[in-house]
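final.txt follows; it contains compact mmCIF, C-alpha atoms and all ligand atoms.
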```txt
# COMPACT_ATOMS: atom_id res chain seq x y z
CA MET A 1 69.93 85.38 109.32
CA ALA A 2 70.52 86.04 105.64
CA ASP A 3 70.12 83.27 103.04
CA TYR A 4 73.72 83.64 101.93
CA GLN A 5 76.93 84.72 103.62
CA LEU A 6 80.00 85.82 101.71
CA TYR A 7 83.49 85.84 103.18
CA CYS A 8 84.99 88.92 101.55
CA PHE A 9 86.77 92.23 101.99
CA ALA A 10 86.45 95.55 100.21
CA GLN A 11 89.79 95.56 98.37
CA SER A 12 89.25 92.11 96.88
CA GLY A 13 88.26 92.14 93.23
CA ASN A 14 88.02 88.35 93.38
CA ALA A 15 85.38 88.68 96.12
CA TYR A 16 83.70 91.55 94.27
CA ARG A 17 82.66 89.18 91.49
CA ALA A 18 80.59 87.13 93.96
CA ALA A 19 79.30 90.15 95.92
CA LEU A 20 78.19 91.86 92.71
CA MET A 21 76.41 88.73 91.49
CA LEU A 22 74.54 88.40 94.80
CA ASN A 23 73.39 92.00 94.45
CA LEU A 24 72.47 91.65 90.78
CA ILE A 25 70.22 88.68 91.52
CA ASP A 26 68.76 90.55 94.51
CA ALA A 27 69.79 87.79 96.92
CA ASP A 28 69.37 88.09 100.67
CA TRP A 29 73.06 88.08 101.67
CA GLU A 30 75.44 89.40 104.26
CA PRO A 31 79.19 89.92 104.08
CA LEU A 32 81.52 88.26 106.57
CA TRP A 33 84.64 90.39 106.74
CA VAL A 34 87.94 88.60 106.16
CA ASP A 35 90.61 90.74 107.82
CA PHE A 36 93.08 90.02 105.04
CA PHE A 37 95.61 92.79 105.68
CA ALA A 38 95.98 93.34 109.41
CA ALA A 39 95.31 89.85 110.74
CA GLY A 40 95.93 87.66 107.69
CA VAL A 41 92.84 85.66 108.64
CA GLN A 42 92.98 83.70 105.39
CA ARG A 43 96.30 82.17 106.49
CA THR A 44 95.09 80.91 109.87
CA PRO A 45 94.53 77.20 110.52
CA ALA A 46 90.98 78.02 111.61
CA PHE A 47 90.15 79.65 108.25
CA ARG A 48 91.89 76.92 106.26
CA GLY A 49 90.26 74.21 108.36
CA ASP A 50 86.71 75.54 108.62
CA VAL A 51 86.23 77.94 105.72
CA ASN A 52 88.53 77.28 102.75
CA GLU A 53 91.52 74.96 102.58
CA MET A 54 92.85 77.13 99.73
CA GLY A 55 93.17 80.11 102.08
CA GLU A 56 91.29 82.47 99.77
CA ALA A 57 88.32 84.80 99.68
CA PRO A 58 85.63 84.75 98.40
CA VAL A 59 83.75 81.89 100.03
CA LEU A 60 79.98 81.65 99.63
CA VAL A 61 77.82 79.96 102.26
CA ASP A 62 74.35 78.90 101.12
CA LYS A 63 72.61 78.28 104.42
CA ALA A 64 69.50 76.48 103.15
CA ARG A 65 71.40 74.07 100.90
CA HIS A 66 74.31 73.53 103.31
CA LYS A 67 76.87 74.54 100.69
CA LYS A 68 80.18 76.27 101.14
CA LEU A 69 81.84 77.23 97.86
CA SER A 70 85.06 78.98 96.91
CA GLN A 71 86.53 80.15 93.58
CA SER A 72 84.54 83.06 92.19
CA GLY A 73 83.94 81.25 88.88
CA VAL A 74 82.35 78.34 90.74
CA ILE A 75 80.26 80.70 92.86
CA LEU A 76 79.04 82.56 89.77
CA THR A 77 78.16 79.30 88.02
CA TYR A 78 76.34 78.03 91.11
CA LEU A 79 74.26 81.18 91.55
CA SER A 80 73.35 81.47 87.89
CA ASP A 81 72.38 77.78 87.64
CA LEU A 82 70.26 78.19 90.77
CA THR A 83 68.45 81.33 89.68
CA GLY A 84 68.63 81.22 85.87
CA GLU A 85 70.04 84.75 85.95
CA TYR A 86 73.13 85.88 84.05
CA GLN A 87 73.16 82.39 82.62
CA PRO A 88 74.67 81.48 79.26
CA ALA A 89 71.85 80.49 76.87
CA ASP A 90 72.96 76.96 75.92
CA ASP A 91 75.80 74.44 76.21
CA ASP A 92 77.97 76.26 73.68
CA GLU A 93 77.54 79.56 75.53
CA LYS A 94 78.33 77.81 78.83
CA LEU A 95 81.67 76.72 77.40
CA GLU A 96 82.24 80.20 76.00
CA ALA A 97 81.51 81.75 79.43
CA LEU A 98 83.92 79.32 81.07
CA ARG A 99 86.57 80.23 78.49
CA TRP A 100 86.33 83.93 79.37
CA ILE A 101 86.13 83.29 83.12
CA ILE A 102 89.38 81.28 82.98
CA PHE A 103 91.02 83.93 80.77
CA ASP A 104 89.90 86.57 83.27
CA ASN A 105 91.20 84.63 86.30
CA GLN A 106 94.57 83.95 84.73
CA LYS A 107 95.38 86.71 82.28
CA ILE A 108 93.31 89.76 83.20
CA ASN A 109 92.61 90.05 86.87
CA GLY A 110 95.20 87.39 87.63
CA PHE A 111 97.81 90.02 86.67
CA LEU A 112 95.86 93.17 87.59
CA GLY A 113 95.23 92.00 91.18
CA PRO A 114 98.91 91.37 92.03
CA TYR A 115 99.93 94.59 90.22
CA ARG A 116 97.53 96.65 92.36
CA PHE A 117 98.54 94.76 95.50
CA LEU A 118 102.25 95.41 94.91
CA LYS A 119 101.56 99.07 94.13
CA ASN A 120 99.35 99.82 97.14
CA PHE A 121 99.32 97.23 99.85
CA ALA A 122 102.50 95.12 99.90
CA PRO A 123 104.93 95.76 102.79
CA THR A 124 107.65 96.50 100.20
CA PRO A 125 106.75 98.05 96.84
CA GLY A 126 106.96 95.82 93.79
CA ASP A 127 110.31 95.54 92.04
CA PRO A 128 110.19 97.82 88.95
CA ALA A 129 111.09 94.91 86.66
CA VAL A 130 108.25 92.83 88.07
CA MET A 131 105.83 95.75 87.75
CA ALA A 132 106.90 96.32 84.15
CA PHE A 133 106.43 92.65 83.35
CA LEU A 134 102.97 92.60 84.92
CA LYS A 135 101.96 95.84 83.16
CA GLY A 136 102.99 94.36 79.81
CA ARG A 137 100.87 91.27 80.43
CA ILE A 138 97.96 93.43 81.62
CA ASP A 139 98.03 95.63 78.53
CA ALA A 140 98.26 92.69 76.14
CA SER A 141 95.28 91.00 77.78
CA LEU A 142 93.17 94.14 78.15
CA ALA A 143 93.62 94.78 74.42
CA ILE A 144 92.10 91.36 73.72
CA VAL A 145 89.06 92.11 75.88
CA ASP A 146 88.73 95.61 74.40
CA LYS A 147 88.67 94.16 70.88
CA ARG A 148 86.05 91.64 71.90
CA LEU A 149 83.86 94.35 73.45
CA ALA A 150 84.21 96.58 70.38
CA ALA A 151 82.32 93.89 68.46
CA ALA A 152 79.49 93.19 70.91
CA PRO A 153 77.95 94.91 73.94
CA PHE A 154 78.83 92.05 76.30
CA LEU A 155 81.42 89.27 76.28
CA ILE A 156 79.04 86.66 74.91
CA GLY A 157 76.83 88.82 72.72
CA ASP A 158 73.94 91.08 73.44
CA ARG A 159 73.22 90.38 77.10
CA PRO A 160 75.31 90.13 80.26
CA THR A 161 76.28 86.73 81.64
CA ILE A 162 78.46 85.47 84.47
CA ALA A 163 81.46 85.99 82.18
CA ASP A 164 80.83 89.75 82.34
CA VAL A 165 80.26 89.70 86.09
CA SER A 166 83.56 87.87 86.52
CA MET A 167 85.49 90.21 84.24
CA THR A 168 84.52 93.33 86.21
CA ALA A 169 86.58 92.12 89.21
CA TYR A 170 89.14 94.94 89.60
CA PHE A 171 87.98 97.36 86.89
CA TYR A 172 85.88 99.67 89.09
CA TYR A 173 88.60 100.36 91.65
CA PRO A 174 89.95 103.92 91.46
CA ALA A 175 92.45 104.63 88.67
CA GLU A 176 94.93 105.96 91.28
CA GLU A 177 95.22 102.46 92.70
CA PHE A 178 96.63 101.29 89.35
CA GLY A 179 98.37 104.41 88.13
CA PHE A 180 96.49 104.09 84.83
CA ASP A 181 92.87 104.45 83.82
CA ILE A 182 91.47 101.28 82.29
CA ALA A 183 88.20 102.86 81.13
CA LYS A 184 90.05 105.68 79.33
CA ASP A 185 92.87 103.59 77.88
CA TYR A 186 90.47 100.93 76.60
CA PRO A 187 87.32 102.74 75.38
CA SER A 188 85.30 99.62 74.57
CA ILE A 189 85.97 98.29 78.07
CA GLY A 190 85.01 101.76 79.39
CA ALA A 191 81.68 101.71 77.54
CA TRP A 192 80.98 98.15 78.72
CA LEU A 193 81.73 99.16 82.32
CA GLU A 194 79.02 101.82 81.99
CA ARG A 195 76.58 99.21 80.64
CA MET A 196 77.37 96.96 83.60
CA ARG A 197 77.05 99.88 86.03
CA ALA A 198 73.51 100.50 84.69
CA LEU A 199 72.29 97.00 85.64
CA PRO A 200 69.72 96.95 88.47
CA GLY A 201 71.51 96.03 91.71
CA TRP A 202 74.96 97.18 90.55
CA SER A 203 77.06 98.57 93.36
CA HIS A 204 80.68 99.69 93.71
CA PRO A 205 83.05 97.29 95.53
CA TYR A 206 83.76 99.86 98.24
CA ASP A 207 80.02 100.19 98.89
CA LEU A 208 79.33 96.47 98.78
CA MET A 209 81.97 94.87 100.97
CA PRO A 210 83.29 95.75 104.43
CA GLY A 211 86.71 96.64 105.71
CA TYR A 212 88.94 99.63 105.11
CA PRO A 213 92.03 98.58 107.07
CA PHE A 214 94.10 101.51 105.90
CA GLY A 215 92.04 104.05 107.82
CA SER A 216 89.86 105.86 105.35
CA LYS A 217 87.53 104.70 102.67
CA PRO A 218 89.27 105.20 99.31
CA SER A 219 87.24 107.40 96.97
CA ALA A 220 85.72 105.74 93.91
N1 LIG B 1 90.75 82.38 91.57
C1 LIG B 1 90.30 82.79 92.87
C2 LIG B 1 91.23 83.83 93.46
C3 LIG B 1 90.94 84.13 94.92
C4 LIG B 1 92.02 84.96 95.55
O1 LIG B 1 93.20 84.90 95.15
N2 LIG B 1 91.61 85.73 96.54
C5 LIG B 1 92.59 86.54 97.27
C6 LIG B 1 91.93 87.81 97.81
S1 LIG B 1 91.68 88.97 96.50
C7 LIG B 1 93.08 85.75 98.46
O2 LIG B 1 92.27 85.38 99.28
N3 LIG B 1 94.38 85.50 98.51
C8 LIG B 1 94.98 84.87 99.63
C9 LIG B 1 96.33 84.33 99.29
O3 LIG B 1 96.64 84.20 98.09
O4 LIG B 1 97.05 84.02 100.21
C10 LIG B 1 88.86 83.31 92.78
O5 LIG B 1 88.50 83.77 91.69
O6 LIG B 1 88.09 83.21 93.75
```

Would you encode the structure as structure tokens?
Amino acid sequence: MADYQLYCFAQSGNAYRAALMLNLIDADWEPLWVDFFAAGVQRTPAFRGDVNEMGEAPVLVDKARHKKLSQSGVILTYLSDLTGEYQPADDDEKLEALRWIIFDNQKINGFLGPYRFLKNFAPTPGDPAVMAFLKGRIDASLAIVDKRLAAAPFLIGDRPTIADVSMTAYFYYPAEEFGFDIAKDYPSIGAWLERMRALPGWSHPYDLMPGYPFGSKPSA
């Protein structure tokens, strides 16, 4: 059995953060597929009772240390503290990483995830006014990240940390799933995505996590 198990599914950018980190640190891990779309596993009493009371993926299981952790930011912090990899350099950088992880969760991928869900996966398409609101928030927040990444190769300076791993969450999914191309519209984010893609162990979300409930594997 693998050292780590990750409850996840391919379309989840939130889960991708944790899956990518496990790959980047070359961990021995296996995915446990959460059938989010067809079965709504995350809403079942069994999942909420035994896996995560919050009803969310990702959840990391560390077998040897008897830990079960949710919230991608917590999982990233745990794995980087444990291995020393992708770790902020000192206490000030730790706070800085936390600042960007929270900004990412709320303002970047916190809007991008629902936008993509409403566009592709929701039973009824998103109301145009809601989509326009979300797109406005997305653009305003992406511009902030783009400006930051125009000034430095990574979010906290010259090397990648967990803040960068977190921020990648939904950015590598195909542009058709958003209806706009983040890498093209925000060139500094685009260049940073290439730097992240070059890291040893990097893998695309659709190659890293299981489950293509809509029939075919979407092309990257
Ligand atoms: N802030 C959380 C977000 C987790 C999250 O919302 N995951 C989605 C899948 S992409 C989920 O499981 N949602 C279930 C629900 O909201 O009912 C994290 O970073 O781990």

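Note that the spacing between atom N1 of ligand LIG 1 (chain B) and CA of Ala183 in chain A amounts to 23.1 Å.
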
If you count all atoms listed in the file, which residues end up within 6 Å of ligand LIG 1 (chain B), as a list in words?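 Within the 6 Å cut-off, the matching residues are Ser12, Gly13, Asn14, Gly55, Glu56, Ala57, Pro58, Gln71, Ser72, Gly73 and Asn105 of chain A.
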
Taking into account all atoms listed in the file, which residue in the set A:Asp181, A:Asp207, A:Asp164, A:Glu176 is nearest to Arg17 in chain A?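 Among the listed residues, A:Asp164 lies closest to Arg17 in chain A.
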
Write out as a list in words each polymer residue whose atoms come within 10 Å of Phe178 in chain A, counting all atoms listed in the file; drop sequence neighbours fewer than 5 positions from it. Leu112, Gly113, Tyr115, Arg116, Phe117, Leu118, Lys119, Asn120, Lys135, Tyr170, Phe171 and Tyr173 of chain A

Quick one: what's the axis-aligned box for range 117-125 of chain A, all listed atoms, 4 Å on every side, centre and edges in Å to one decimal, as JSON?
```
{"center_x": 103.1, "center_y": 97.3, "center_z": 98.5, "size_x": 17.1, "size_y": 13.1, "size_z": 16.7}
```

Could you build a table of the residues in range 137-187 of chain A lying no more than 7 Å from range 74-93 of chain A, giving for each the nearest pair of atoms and their separation in Å rounded to one decimal place, using only C-alpha atoms, ordered by chain and ascending residue number, as a tab-separated table?
```
residue	atom	partner	partner_atom	distance
A:Pro160	CA	A:Tyr86	CA	6.1
A:Thr161	CA	A:Tyr86	CA	4.1
A:Ile162	CA	A:Tyr86	CA	5.4
```

Quick one: which range 46-124 of chain A residues come within 9 Å of range 137-154 of chain A, and what is the nearest atom pair for each with the distance in Å to one decimal, counting all atoms listed in the file, rows ordered by chain and ascending number, as a tab-separated table?
```
residue	atom	partner	partner_atom	distance
A:Phe103	CA	A:Ser141	CA	8.8
A:Asp104	CA	A:Ser141	CA	8.9
A:Lys107	CA	A:Ser141	CA	6.2
A:Ile108	CA	A:Ser141	CA	5.9
A:Asn109	CA	A:Ile138	CA	8.2
A:Gly110	CA	A:Ile138	CA	9.0
A:Phe111	CA	A:Ile138	CA	6.1
A:Leu112	CA	A:Ile138	CA	6.3
A:Tyr115	CA	A:Ile138	CA	8.9
```

Point-to-point distance from CA of Trp192 in chain A to CA of Gln11 in chain A, Å rounded to tenths: 21.7 Å

Which residue gives the smallest distance to Val51 in chain A among A:Gly190, A:Asp26, A:Ala64, A:Tyr7, with only C-alpha atoms counted?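 Result for the nearest residue to Val51 in chain A: A:Tyr7.
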